[in-house]
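Asker: Pasting input-v2.cif below, which is mmCIF, C-alpha atoms.
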data_final
#
loop_
_atom_site.label_atom_id
_atom_site.label_comp_id
_atom_site.auth_asym_id
_atom_site.auth_seq_id
_atom_site.Cartn_x
_atom_site.Cartn_y
_atom_site.Cartn_z
CA MET E 1 0.00 0.00 0.00
CA LYS E 2 1.05 3.63 -0.44
CA VAL E 3 -0.08 7.05 0.76
CA LEU E 4 -0.74 9.29 -2.22
CA THR E 5 0.91 12.69 -2.70
CA GLY E 6 -1.48 15.46 -1.63
CA THR E 7 -3.01 16.04 1.80
CA HIS E 8 -6.36 17.29 3.00
CA TYR E 9 -5.77 19.85 5.73
CA TYR E 10 -9.06 21.11 7.10
CA SER E 11 -10.88 21.83 10.35
CA THR E 12 -14.22 21.49 12.10
CA ARG E 13 -15.76 23.82 14.66
CA ALA E 14 -16.61 20.98 17.00
CA ASN E 15 -15.04 18.92 19.74
CA TRP E 16 -12.48 16.50 18.26
CA LYS E 17 -14.22 13.39 19.63
CA LEU E 18 -17.15 13.99 17.27
CA LEU E 19 -15.06 12.84 14.29
CA PRO E 20 -14.39 9.28 15.55
CA VAL E 21 -17.95 9.04 16.86
CA ASN E 22 -19.36 10.09 13.48
CA VAL E 23 -17.33 7.37 11.76
CA ILE E 24 -18.68 4.51 13.91
CA ASP E 25 -22.28 5.75 13.89
CA GLY E 26 -24.17 3.66 11.30
CA SER E 27 -27.45 5.48 11.92
CA HIS E 28 -26.32 8.81 10.47
CA PHE E 29 -25.63 7.51 6.96
CA MET E 30 -29.10 7.58 5.42
CA PRO E 31 -30.35 10.97 6.69
CA THR E 32 -26.94 12.69 6.26
CA HIS E 33 -25.96 11.42 2.81
CA ILE E 34 -29.18 11.55 0.77
CA THR E 35 -27.52 13.57 -2.01
CA TYR E 36 -24.63 11.10 -2.27
CA LEU E 37 -27.08 8.20 -2.64
CA GLU E 38 -28.97 10.16 -5.31
CA HIS E 39 -25.71 10.58 -7.22
CA LEU E 40 -24.99 6.83 -7.01
CA LYS E 41 -28.51 6.10 -8.23
CA ASP E 42 -28.22 8.60 -11.09
CA ARG E 43 -24.95 7.07 -12.29
CA GLY E 44 -26.54 3.60 -12.34
CA SER E 45 -25.09 1.98 -9.21
CA ASP E 46 -27.06 -0.49 -7.09
CA VAL E 47 -28.29 1.55 -4.09
CA SER E 48 -30.65 -1.08 -2.66
CA SER E 49 -28.73 -1.25 0.62
CA ALA E 50 -26.24 1.07 2.33
CA ILE E 51 -25.57 -1.35 5.19
CA ARG E 52 -25.97 -5.12 5.21
CA ASP E 53 -24.12 -8.17 6.54
CA TYR E 54 -23.08 -5.97 9.40
CA ASN E 55 -21.06 -6.41 12.56
CA GLU E 56 -19.39 -4.13 15.05
CA THR E 57 -16.42 -5.15 17.13
CA ASP E 58 -14.96 -3.88 20.38
CA LEU E 59 -11.20 -4.27 19.78
CA GLY E 60 -10.27 -3.34 23.35
CA ASN E 61 -8.84 -0.12 24.85
CA GLY E 62 -11.54 1.95 23.14
CA HIS E 63 -10.63 0.80 19.60
CA THR E 64 -13.59 -0.26 17.46
CA VAL E 65 -14.40 -1.39 13.94
CA TYR E 66 -17.71 -1.40 12.16
CA GLU E 67 -17.75 -3.75 9.17
CA TYR E 68 -20.55 -4.03 6.61
CA GLU E 69 -21.39 -4.40 2.94
CA ALA E 70 -22.90 -1.64 0.81
CA SER E 71 -24.68 -2.59 -2.42
CA TRP E 72 -22.43 -0.41 -4.61
CA GLY E 73 -18.84 -1.17 -5.69
CA ARG E 74 -15.36 -0.90 -4.20
CA PRO E 75 -12.18 -0.37 -6.25
CA LEU E 76 -10.65 -3.23 -4.20
CA ALA E 77 -12.41 -5.33 -5.28
CA LYS E 78 -16.12 -5.30 -6.03
CA PRO E 79 -17.41 -4.20 -9.47
CA ASP E 80 -19.97 -1.43 -9.89
CA LYS E 81 -22.39 -1.21 -12.82
CA SER E 82 -21.44 2.42 -13.43
CA TRP E 83 -17.69 1.80 -13.86
CA GLY E 84 -17.88 0.11 -17.26
CA GLU E 85 -16.82 -3.31 -18.49
CA GLU E 86 -13.11 -2.61 -18.84
CA VAL E 87 -12.65 -1.35 -15.28
CA ASN E 88 -14.90 -4.08 -13.86
CA ALA E 89 -12.85 -6.75 -15.68
CA GLN E 90 -9.70 -5.40 -14.05
CA ILE E 91 -11.42 -5.34 -10.64
CA GLY E 92 -12.44 -8.98 -11.25
CA GLN E 93 -8.76 -9.80 -11.83
CA LEU E 94 -7.72 -8.04 -8.61
CA ARG E 95 -10.41 -10.05 -6.79
CA ARG E 96 -9.11 -13.37 -8.22
CA ARG E 97 -5.55 -12.46 -7.23
CA LEU E 98 -6.71 -11.72 -3.67
CA ALA E 99 -8.33 -15.18 -3.46
CA GLU E 100 -5.18 -16.90 -4.78
CA ARG E 101 -3.02 -15.10 -2.26
CA LEU E 102 -5.25 -15.13 0.83
CA GLY E 103 -7.93 -17.77 0.30
CA GLU E 104 -11.55 -17.24 -0.68
CA GLU E 105 -12.94 -16.40 2.75
CA ARG E 106 -10.47 -13.62 3.52
CA ALA E 107 -10.59 -12.30 -0.07
CA ASP E 108 -14.38 -12.06 0.16
CA ARG E 109 -14.14 -10.09 3.41
CA ILE E 110 -11.53 -7.69 2.01
CA ALA E 111 -13.24 -7.16 -1.33
CA ARG E 112 -16.92 -7.01 -0.39
CA LYS E 113 -16.91 -5.31 2.98
CA ASN E 114 -16.37 -1.73 4.11
CA ARG E 115 -14.56 -1.01 7.35
CA ASN E 116 -14.92 2.06 9.56
CA LEU E 117 -12.06 1.72 12.04
CA VAL E 118 -11.32 3.97 15.02
CA ILE E 119 -7.96 3.64 16.74
CA PHE E 120 -8.67 5.29 20.10
CA PRO E 121 -8.72 8.17 20.61
CA ASN E 122 -8.34 10.19 17.37
CA LEU E 123 -7.14 8.09 14.40
CA VAL E 124 -9.69 7.00 11.81
CA ILE E 125 -9.27 4.61 8.87
CA ASN E 126 -12.24 4.38 6.52
CA ASP E 127 -11.93 1.55 3.99
CA ILE E 128 -14.95 2.34 1.80
CA VAL E 129 -15.14 3.57 -1.85
CA GLY E 130 -11.58 4.74 -1.17
CA ILE E 131 -9.34 4.36 1.84
CA THR E 132 -8.71 7.40 3.99
CA ILE E 133 -6.53 7.90 7.05
CA ARG E 134 -7.65 10.80 9.22
CA VAL E 135 -6.36 12.36 12.42
CA ALA E 136 -8.35 14.84 14.53
CA GLU E 137 -6.30 17.16 16.71
CA PRO E 138 -7.97 19.49 19.22
CA THR E 139 -6.74 23.08 19.50
CA ALA E 140 -9.76 24.22 21.55
CA ILE E 141 -12.69 22.49 23.21
CA ASP E 142 -14.87 23.31 20.18
CA TYR E 143 -12.34 23.28 17.30
CA MET E 144 -10.32 20.48 15.72
CA GLU E 145 -7.73 20.44 12.98
CA VAL E 146 -8.10 17.44 10.67
CA THR E 147 -5.39 15.94 8.46
CA ALA E 148 -6.42 13.30 5.94
CA TRP E 149 -4.51 11.13 3.47
CA GLU E 150 -5.51 8.65 0.76
CA LEU E 151 -4.20 5.10 0.99
CA ALA E 152 -4.12 2.92 -2.14
CA PRO E 153 -2.58 -0.35 -3.39
CA VAL E 154 0.81 0.15 -5.08
CA ASP E 155 0.11 -2.20 -7.99
CA GLU E 156 -3.31 -0.92 -9.07
CA PRO E 157 -3.87 -0.53 -12.85
CA PRO E 158 -4.09 3.20 -13.78
CA GLU E 159 -7.72 2.88 -14.96
CA VAL E 160 -8.75 1.46 -11.57
CA MET E 161 -6.64 4.07 -9.79
CA LYS E 162 -8.54 6.79 -11.64
CA VAL E 163 -11.87 5.27 -10.59
CA ARG E 164 -10.58 4.94 -7.02
CA ASN E 165 -9.51 8.58 -6.90
CA SER E 166 -12.74 9.85 -8.38
CA ASN E 167 -14.87 7.73 -6.02
CA PHE E 168 -12.76 8.75 -3.03
CA LEU E 169 -13.32 12.45 -3.76
CA THR E 170 -16.99 12.09 -4.65
CA PHE E 171 -17.67 10.92 -1.09
CA LEU E 172 -14.69 11.90 1.02
CA GLY E 173 -12.78 15.03 1.77
CA PRO E 174 -13.79 18.55 2.77
CA ALA E 175 -14.96 19.25 -0.81
CA GLY E 176 -16.71 15.91 -1.46
CA LEU E 177 -20.43 15.30 -1.92
CA ALA E 178 -20.77 13.72 1.55
CA THR E 179 -18.11 14.72 4.11
CA PRO E 180 -19.20 18.42 4.26
CA ASP E 181 -22.60 17.22 5.50
CA ASP E 182 -20.92 15.15 8.24
CA ILE E 183 -19.06 18.29 9.28
CA GLU E 184 -22.29 20.30 9.25
CA GLY E 185 -23.77 17.67 11.60
CA MET E 186 -20.79 17.87 13.96
CA GLU E 187 -20.88 21.67 14.06
CA ALA E 188 -24.67 21.74 14.59
CA SER E 189 -24.24 19.24 17.45
CA GLN E 190 -21.51 21.39 18.97
CA ARG E 191 -23.81 24.44 18.88
CA ALA E 192 -26.48 22.38 20.64
CA PHE E 193 -24.01 21.26 23.33
CA ALA E 194 -24.01 24.87 24.60
CA ALA E 195 -27.30 23.84 26.26
CA TYR E 196 -25.61 21.08 28.27
CA ARG E 197 -26.78 22.47 31.62
CA GLU E 198 -30.39 22.08 30.54
CA VAL E 199 -29.83 18.89 28.47
CA PRO E 200 -26.98 17.09 30.25
CA TRP E 201 -27.18 13.72 28.45
CA ALA E 202 -26.70 12.42 24.90
CA ASN E 203 -28.46 9.12 24.29
CA PHE E 204 -26.37 6.24 22.90
CA SER E 205 -28.69 3.42 24.01
CA LYS E 206 -29.67 2.07 20.59
CA GLY E 207 -29.11 -1.66 20.20
CA MET E 208 -28.58 -2.32 23.90
CA ALA E 209 -31.27 -5.01 23.67
CA LEU E 210 -28.81 -7.03 21.57
CA SER E 211 -27.08 -8.07 24.78
CA LEU E 212 -30.44 -9.57 25.82
CA GLY E 213 -30.54 -11.61 22.63
CA THR E 214 -33.06 -9.39 20.85
CA HIS E 215 -32.82 -8.79 17.10
CA TYR E 216 -31.93 -5.33 15.86
CA ALA E 217 -31.68 -3.96 12.35
CA PRO E 218 -28.19 -3.53 10.82
CA GLY E 219 -26.71 -0.10 11.30
CA GLU E 220 -29.07 0.74 14.12
CA SER E 221 -26.89 0.08 17.13
CA ASP E 222 -24.81 2.53 19.15
CA ALA E 223 -22.58 -0.28 20.47
CA ASN E 224 -19.30 1.11 19.08
CA MET E 225 -20.08 4.57 20.37
CA ARG E 226 -20.74 3.12 23.83
CA THR E 227 -17.36 1.37 23.64
CA TYR E 228 -15.66 4.66 22.75
CA TRP E 229 -17.36 6.77 25.43
CA ARG E 230 -17.00 4.15 28.17
CA HIS E 231 -13.27 3.99 27.56
CA TRP E 232 -13.07 7.77 27.54
CA ARG E 233 -14.99 7.93 30.87
CA LYS E 234 -12.70 5.26 32.35
CA LEU E 235 -9.56 7.24 31.42
CA MET E 236 -11.04 10.50 32.69
CA SER E 237 -12.16 9.02 36.02
CA GLU E 238 -8.74 7.37 36.53
CA HIS E 239 -7.15 10.73 35.83
CA GLN E 240 -9.49 12.44 38.31
CA SER E 241 -8.86 9.91 41.10
CA GLN E 242 -5.10 10.26 40.53
CA ALA E 243 -5.41 14.02 40.70
CA CYS E 244 -7.39 13.76 43.98
CA ALA E 245 -4.97 11.29 45.60
CA MET H 1 -30.74 44.43 -3.72
CA GLU H 2 -29.28 41.47 -5.55
CA ARG H 3 -30.87 38.22 -4.43
CA GLU H 4 -30.42 34.55 -4.87
CA GLY H 5 -32.09 33.20 -7.98
CA THR H 6 -32.24 36.45 -9.92
CA SER H 7 -29.94 37.28 -12.81
CA VAL H 8 -29.22 40.37 -14.81
CA ARG H 9 -28.46 39.89 -18.49
CA LEU H 10 -25.13 41.25 -19.53
CA ALA H 11 -25.54 44.48 -21.47
CA GLY H 12 -26.40 43.12 -24.92
CA GLU H 13 -25.44 39.73 -26.28
CA GLN H 14 -21.73 39.21 -26.49
CA PRO H 15 -20.44 39.36 -30.03
CA ILE H 16 -19.77 36.05 -31.75
CA ILE H 17 -16.07 35.27 -31.47
CA ALA H 18 -14.58 33.62 -34.54
CA ASP H 19 -11.01 33.04 -33.48
CA ALA H 20 -9.49 32.60 -30.03
CA GLN H 21 -6.42 34.60 -31.10
CA THR H 22 -8.55 37.75 -31.39
CA VAL H 23 -9.96 37.50 -27.86
CA GLY H 24 -8.90 40.39 -25.66
CA ARG H 25 -8.64 40.66 -21.91
CA SER H 26 -11.87 42.65 -21.59
CA GLN H 27 -13.87 39.84 -23.20
CA VAL H 28 -12.30 37.33 -20.83
CA GLU H 29 -13.08 39.64 -17.90
CA ASP H 30 -16.72 39.93 -19.01
CA PHE H 31 -16.91 36.14 -19.08
CA LEU H 32 -15.35 35.68 -15.62
CA TYR H 33 -17.46 38.46 -14.09
CA TYR H 34 -20.62 36.96 -15.56
CA GLU H 35 -19.58 33.62 -14.05
CA ALA H 36 -19.05 35.24 -10.63
CA HIS H 37 -22.47 36.87 -10.98
CA LEU H 38 -24.11 33.48 -11.57
CA LEU H 39 -22.25 31.79 -8.71
CA ASP H 40 -23.00 34.49 -6.12
CA ARG H 41 -26.70 34.21 -7.00
CA TRP H 42 -26.63 30.40 -6.85
CA LEU H 43 -27.68 30.14 -10.51
CA LEU H 44 -25.70 26.92 -10.78
CA ASN H 45 -27.61 25.31 -13.65
CA GLU H 46 -26.96 28.43 -15.74
CA TRP H 47 -23.31 28.27 -14.61
CA LEU H 48 -23.03 24.69 -15.99
CA GLU H 49 -23.83 26.08 -19.45
CA LEU H 50 -20.44 27.85 -19.41
CA PHE H 51 -18.66 24.47 -19.71
CA ASP H 52 -17.81 22.31 -22.71
CA GLU H 53 -18.95 18.69 -22.43
CA ASP H 54 -15.39 17.34 -21.91
CA ALA H 55 -14.44 20.03 -19.38
CA VAL H 56 -13.06 19.45 -15.89
CA TYR H 57 -13.35 21.39 -12.64
CA LEU H 58 -10.22 20.98 -10.50
CA VAL H 59 -9.14 22.16 -7.05
CA PRO H 60 -5.73 20.74 -6.02
CA SER H 61 -4.83 19.90 -2.43
CA THR H 62 -3.21 22.88 -0.71
CA ASP H 63 0.16 21.10 -0.41
CA ASN H 64 0.23 19.85 -4.01
CA PRO H 65 -0.89 22.64 -6.37
CA HIS H 66 0.74 21.14 -9.48
CA GLY H 67 -0.27 17.51 -8.92
CA ASN H 68 -1.76 14.92 -11.24
CA PRO H 69 -5.53 14.66 -10.64
CA ASP H 70 -5.72 11.02 -11.80
CA LEU H 71 -2.93 9.67 -9.59
CA GLU H 72 -2.66 12.04 -6.62
CA LEU H 73 -5.01 13.48 -4.00
CA PHE H 74 -6.87 16.65 -5.00
CA LEU H 75 -9.80 18.36 -3.28
CA ILE H 76 -11.95 18.28 -6.42
CA THR H 77 -11.49 16.48 -9.77
CA ASP H 78 -14.99 16.73 -11.28
CA ASP H 79 -15.74 15.69 -14.84
CA MET H 80 -19.05 17.01 -16.18
CA ALA H 81 -21.04 14.04 -14.85
CA ILE H 82 -19.82 14.64 -11.30
CA LEU H 83 -20.05 18.43 -11.64
CA ARG H 84 -23.73 18.02 -12.60
CA ALA H 85 -24.18 15.78 -9.54
CA ARG H 86 -22.51 18.46 -7.39
CA VAL H 87 -24.86 21.13 -8.76
CA LYS H 88 -27.94 18.91 -8.35
CA ARG H 89 -26.90 18.28 -4.77
CA LEU H 90 -26.26 21.96 -4.02
CA MET H 91 -29.66 22.94 -5.44
CA SER H 92 -31.49 20.36 -3.28
CA ASP H 93 -32.65 20.79 0.31
CA ASN H 94 -30.61 17.77 1.42
CA ALA H 95 -27.11 19.21 1.02
CA HIS H 96 -27.05 20.03 4.73
CA ARG H 97 -23.88 22.12 4.56
CA GLU H 98 -25.55 24.43 2.03
CA SER H 99 -29.20 24.22 3.04
CA PRO H 100 -30.06 27.02 3.42
CA HIS H 101 -27.48 28.38 0.97
CA SER H 102 -24.62 30.44 2.33
CA LEU H 103 -24.12 34.03 1.23
CA THR H 104 -21.10 34.34 -1.02
CA ARG H 105 -19.31 37.31 -2.56
CA ARG H 106 -16.40 36.73 -4.88
CA PHE H 107 -13.80 39.17 -6.15
CA VAL H 108 -12.05 38.21 -9.38
CA THR H 109 -9.09 40.41 -10.32
CA ASN H 110 -5.65 40.51 -12.00
CA VAL H 111 -7.01 38.85 -15.13
CA LEU H 112 -4.25 37.93 -17.60
CA VAL H 113 -4.45 36.16 -20.94
CA THR H 114 -1.24 34.16 -20.74
CA ARG H 115 -1.57 32.34 -24.07
CA ALA H 116 -3.97 32.59 -26.99
CA GLU H 117 -3.95 30.07 -29.81
CA ALA H 118 -6.45 29.36 -32.56
CA SER H 119 -8.23 26.74 -30.45
CA GLN H 120 -7.80 27.82 -26.86
CA ILE H 121 -6.98 30.61 -24.45
CA GLU H 122 -5.11 30.25 -21.19
CA VAL H 123 -6.14 32.68 -18.50
CA THR H 124 -4.99 33.39 -14.97
CA ALA H 125 -6.83 35.51 -12.41
CA SER H 126 -6.83 36.06 -8.65
CA PHE H 127 -9.86 35.34 -6.47
CA LEU H 128 -11.05 36.14 -2.99
CA VAL H 129 -14.32 34.50 -1.98
CA TYR H 130 -16.20 35.24 1.23
CA ARG H 131 -18.75 32.74 2.53
CA THR H 132 -21.13 33.67 5.33
CA ARG H 133 -23.49 31.29 7.10
CA ALA H 134 -24.73 30.58 10.63
CA GLY H 135 -23.04 33.64 12.11
CA THR H 136 -19.59 32.99 10.63
CA THR H 137 -17.74 34.53 7.68
CA ASP H 138 -14.97 32.46 6.11
CA PHE H 139 -12.75 33.22 3.14
CA TYR H 140 -10.92 31.43 0.34
CA VAL H 141 -8.04 33.11 -1.49
CA GLY H 142 -6.21 31.83 -4.53
CA HIS H 143 -5.94 32.00 -8.30
CA TYR H 144 -7.48 30.48 -11.37
CA GLU H 145 -5.51 28.63 -14.05
CA ASN H 146 -8.28 28.30 -16.61
CA THR H 147 -8.29 27.10 -20.18
CA LEU H 148 -11.05 28.59 -22.33
CA ARG H 149 -12.28 27.62 -25.77
CA ILE H 150 -14.47 29.18 -28.41
CA SER H 151 -17.50 26.96 -28.76
CA ASN H 152 -20.25 28.05 -31.19
CA GLY H 153 -18.81 31.55 -31.08
CA ARG H 154 -18.86 31.79 -27.27
CA LEU H 155 -16.21 31.47 -24.60
CA ARG H 156 -16.50 28.18 -22.70
CA PHE H 157 -14.45 26.46 -19.98
CA ALA H 158 -12.30 23.48 -20.98
CA VAL H 159 -10.32 23.46 -17.72
CA ARG H 160 -11.50 25.41 -14.72
CA LYS H 161 -8.84 25.09 -12.08
CA ALA H 162 -8.99 26.97 -8.78
CA VAL H 163 -5.69 26.87 -6.89
CA LEU H 164 -5.84 27.90 -3.22
CA ASP H 165 -3.04 30.16 -1.99
CA MET H 166 -3.60 28.85 1.52
CA GLU H 167 -1.78 26.24 3.60
CA ALA H 168 -5.01 24.57 4.71
CA LEU H 169 -8.80 24.76 4.42
CA ARG H 170 -8.84 26.48 7.80
CA PRO H 171 -10.76 27.89 9.41
CA ALA H 172 -13.42 27.41 6.71
CA GLY H 173 -13.22 23.64 7.28
CA THR H 174 -15.01 22.61 4.09
CA LEU H 175 -15.27 23.67 0.48
CA SER H 176 -19.01 23.21 0.04
CA ILE H 177 -19.50 26.13 -2.36
CA ILE H 178 -18.14 26.40 -5.91
CA LEU H 179 -14.79 28.12 -5.76
#
Can you dump the structure from the file as structure tokens?

Answerer:
Amino acid sequence: MKVLTGTHYYSTRANWKLLPVNVIDGSHFMPTHITYLEHLKDRGSDVSSAIRDYNETDLGNGHTVYEYEASWGRPLAKPDKSWGEEVNAQIGQLRRRLAERLGEERADRIARKNRNLVIFPNLVINDIVGITIRVAEPTAIDYMEVTAWELAPVDEPPEVMKVRNSNFLTFLGPAGLATPDDIEGMEASQRAFAAYREVPWANFSKGMALSLGTHYAPGESDANMRTYWRHWRKLMSEHQSQACA
Amino acid sequence: MEREGTSVRLAGEQPIIADAQTVGRSQVEDFLYYEAHLLDRWLLNEWLELFDEDAVYLVPSTDNPHGNPDLELFLITDDMAILRARVKRLMSDNAHRESPHSLTRRFVTNVLVTRAEASQIEVTASFLVYRTRAGTTDFYVGHYENTLRISNGRLRFAVRKAVLDMEALRPAGTLSIIL
């Protein structure tokens, strides 16, 4: 893999923890990214499902990953109707090479599934229509500086690379068709947090019934966010008890 | 007062241009000012008509202004299909970052025709764009490296490249408007 030349340096007027929490929140996708889905539909992609075959994993120490399949394509390595026969044939070849190298089961997981990974506390790797590495750094309680890079395979054919780059930017980045709406959501939330004395709690209880063995719909659990915030609370309370000792 | 969704016609139709080599700076300025007029009024579908079908709209990353859009990371590398999707999005109520639309005011200056051939004209210009929304005014400063063509006797964009003279998209945070 390689990190491409060119860096996205941007910022968000919100607390830095909202970036990792946004990334592991499956529920925000549909209401936040309507215009992105319309674009996929207009270009002829399959948009029947944004999130299916879904699982979320507590990796320990606050790290989490949220893994799922979307009905549209991935440059590595799931074809998309809108990318044309030539590009899809090359993606098919990349998929076969993955299976030869890693076995069918692992190749299927790599090629078909998206991964939203949070390395606690502030490093994000989104392996979706493109792969982005993002770091959120706080400079004030309500302002973060974000640095983002694009990760790509070194041996990708140039035609696939072009599709990868275009799909990366159509969704991701501060000038994409989707990420600016995530940022709008974070900044609107931050403005609302000014009312914390009157509204002291944010609710992350969705999907808690899963632990009781009850079915829930994919993408409708807050489990990863609970993992993140519980670890944060643990670190903060340890810090407080040390400070008091 | 000028408002969103209203447009003035430029004084008279622009004369038909036969040959790119005869295009002067004032004609290029008229074209760029008319474009700024459309953008500041959010007349984005009319703005799309200023592009040739094979045109591209590019904004490089701030640390890589001379990069390759196919192989390196830019901020925007729209072909016309994606540019139309961007405009459709921005004109809908579901582009949360721009719903309601921000107020923008752009200043386009220092227009230079750097090269004029029979088929195309290369133009540079400086820009300063203010964006105001939700109590905050942000700015973008940079320059255009545009390539224009004569298409059916009118100036049209072949390459519309906005290069930021900034180290980062800060504090604006996003580039949700057309630059």

Asker: Which residue out of E:Val21, E:Val3, E:Met30, E:Ala111 has the minimum interatomic distance to E:Ala178 when only C-alpha atoms are used?

Answerer: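 Closest to E:Ala178, using only C-alpha atoms: E:Met30.
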
Asker: Expanded to explicit residues, what is the PyMOL selection byres ((chain E) within 9 of (chain H)) for this file, as a compact mmCIF listing (two decimals) with C-alpha atoms, in the frame of the given file?

Answerer:
# COMPACT_ATOMS: atom_id res chain seq x y z
CA LEU E 4 -0.74 9.29 -2.22
CA THR E 5 0.91 12.69 -2.70
CA GLY E 6 -1.48 15.46 -1.63
CA THR E 7 -3.01 16.04 1.80
CA HIS E 8 -6.36 17.29 3.00
CA TYR E 9 -5.77 19.85 5.73
CA TYR E 10 -9.06 21.11 7.10
CA SER E 11 -10.88 21.83 10.35
CA THR E 12 -14.22 21.49 12.10
CA ARG E 13 -15.76 23.82 14.66
CA PRO E 31 -30.35 10.97 6.69
CA THR E 32 -26.94 12.69 6.26
CA HIS E 33 -25.96 11.42 2.81
CA ILE E 34 -29.18 11.55 0.77
CA THR E 35 -27.52 13.57 -2.01
CA TYR E 36 -24.63 11.10 -2.27
CA GLU E 38 -28.97 10.16 -5.31
CA HIS E 39 -25.71 10.58 -7.22
CA ASP E 42 -28.22 8.60 -11.09
CA ARG E 43 -24.95 7.07 -12.29
CA GLU E 145 -7.73 20.44 12.98
CA VAL E 146 -8.10 17.44 10.67
CA TRP E 149 -4.51 11.13 3.47
CA GLU E 150 -5.51 8.65 0.76
CA PRO E 158 -4.09 3.20 -13.78
CA GLU E 159 -7.72 2.88 -14.96
CA MET E 161 -6.64 4.07 -9.79
CA LYS E 162 -8.54 6.79 -11.64
CA VAL E 163 -11.87 5.27 -10.59
CA ASN E 165 -9.51 8.58 -6.90
CA SER E 166 -12.74 9.85 -8.38
CA LEU E 169 -13.32 12.45 -3.76
CA THR E 170 -16.99 12.09 -4.65
CA GLY E 173 -12.78 15.03 1.77
CA PRO E 174 -13.79 18.55 2.77
CA ALA E 175 -14.96 19.25 -0.81
CA GLY E 176 -16.71 15.91 -1.46
CA LEU E 177 -20.43 15.30 -1.92
CA ALA E 178 -20.77 13.72 1.55
CA THR E 179 -18.11 14.72 4.11
CA PRO E 180 -19.20 18.42 4.26
CA ASP E 181 -22.60 17.22 5.50
CA ASP E 182 -20.92 15.15 8.24
CA ILE E 183 -19.06 18.29 9.28
CA GLU E 184 -22.29 20.30 9.25
CA GLY E 185 -23.77 17.67 11.60

Asker: For the atom pair atom CA of H:Val113 and atom CA of H:Val87, what is the interatomic distance in Å to one decimal place?

Answerer: 28.1 Å

Asker: Quick one: residues within 8 Å of H:Asp165, only C-alpha atoms counted, chain neighbours fewer than 3 positions away excluded, as an MDAnalysis selection string?

Answerer: chainID H and resid 62 141:143

Asker: Quick one: residues within 10 Å of (-11.0, -5.8, -13.5) (file frame), counting only C-alpha atoms, please, as a short mmCIF file (atom, residue, chain, number, x, y, z; two decimals) with C-alpha atoms, in the frame of the given file.

Answerer:
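Written file, point-v6.cif:
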data_model
loop_
_atom_site.label_atom_id
_atom_site.label_comp_id
_atom_site.auth_asym_id
_atom_site.auth_seq_id
_atom_site.Cartn_x
_atom_site.Cartn_y
_atom_site.Cartn_z
CA PRO E 75 -12.18 -0.37 -6.25
CA LEU E 76 -10.65 -3.23 -4.20
CA ALA E 77 -12.41 -5.33 -5.28
CA LYS E 78 -16.12 -5.30 -6.03
CA PRO E 79 -17.41 -4.20 -9.47
CA GLY E 84 -17.88 0.11 -17.26
CA GLU E 85 -16.82 -3.31 -18.49
CA GLU E 86 -13.11 -2.61 -18.84
CA VAL E 87 -12.65 -1.35 -15.28
CA ASN E 88 -14.90 -4.08 -13.86
CA ALA E 89 -12.85 -6.75 -15.68
CA GLN E 90 -9.70 -5.40 -14.05
CA ILE E 91 -11.42 -5.34 -10.64
CA GLY E 92 -12.44 -8.98 -11.25
CA GLN E 93 -8.76 -9.80 -11.83
CA LEU E 94 -7.72 -8.04 -8.61
CA ARG E 95 -10.41 -10.05 -6.79
CA ARG E 96 -9.11 -13.37 -8.22
CA PRO E 157 -3.87 -0.53 -12.85
CA GLU E 159 -7.72 2.88 -14.96
CA VAL E 160 -8.75 1.46 -11.57
#

Asker: Kindly indicate which residue among E:Glu56, E:Asp142, E:Asp46, E:Asp127 lies nearest to E:Arg115, using only C-alpha atoms for the distances.

Answerer: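 Result for the nearest residue to E:Arg115: E:Asp127.
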
Asker: Using the chain letters and numbers from the file, which residues does the PyMOL selection byres ((chain H and resi 119-126) around 9) grab, as a compact mmCIF listing (two decimals) with C-alpha atoms, in the coordinates of the input?

Answerer:
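Writing the result to out_26.txt gives the following:
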# COMPACT_ATOMS: atom_id res chain seq x y z
CA ASP H 19 -11.01 33.04 -33.48
CA ALA H 20 -9.49 32.60 -30.03
CA GLN H 21 -6.42 34.60 -31.10
CA VAL H 23 -9.96 37.50 -27.86
CA VAL H 28 -12.30 37.33 -20.83
CA PHE H 107 -13.80 39.17 -6.15
CA VAL H 108 -12.05 38.21 -9.38
CA THR H 109 -9.09 40.41 -10.32
CA ASN H 110 -5.65 40.51 -12.00
CA VAL H 111 -7.01 38.85 -15.13
CA LEU H 112 -4.25 37.93 -17.60
CA VAL H 113 -4.45 36.16 -20.94
CA THR H 114 -1.24 34.16 -20.74
CA ARG H 115 -1.57 32.34 -24.07
CA ALA H 116 -3.97 32.59 -26.99
CA GLU H 117 -3.95 30.07 -29.81
CA ALA H 118 -6.45 29.36 -32.56
CA PHE H 127 -9.86 35.34 -6.47
CA LEU H 128 -11.05 36.14 -2.99
CA VAL H 141 -8.04 33.11 -1.49
CA GLY H 142 -6.21 31.83 -4.53
CA HIS H 143 -5.94 32.00 -8.30
CA TYR H 144 -7.48 30.48 -11.37
CA GLU H 145 -5.51 28.63 -14.05
CA ASN H 146 -8.28 28.30 -16.61
CA THR H 147 -8.29 27.10 -20.18
CA LEU H 148 -11.05 28.59 -22.33
CA ARG H 149 -12.28 27.62 -25.77
CA ILE H 150 -14.47 29.18 -28.41
CA ALA H 158 -12.30 23.48 -20.98

Asker: Adding 6 Å on each side of the box along x, y and z that holds all listed atoms of stretch 175-180 of chain E, could you give its centre and edge lengths in Å to one decimal, as AutoDock Vina command-line options?

Answerer:
--center_x -17.9 --center_y 16.5 --center_z 1.2 --size_x 17.8 --size_y 17.5 --size_z 18.2

Asker: Considering only C-alpha atoms, return as a list of chain:residue names whatever protein or nucleic-acid residues lie within 10 Å of H:Leu103, sequence-local ones (same chain, fewer than 5 positions apart) excluded.

Answerer: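 What passes the distance filter is H:Arg3, H:Glu4, H:Asp40, H:Arg41, H:Trp42, H:Glu98, H:Tyr130, H:Arg131, H:Thr132, H:Arg133, H:Thr137, H:Ile177.
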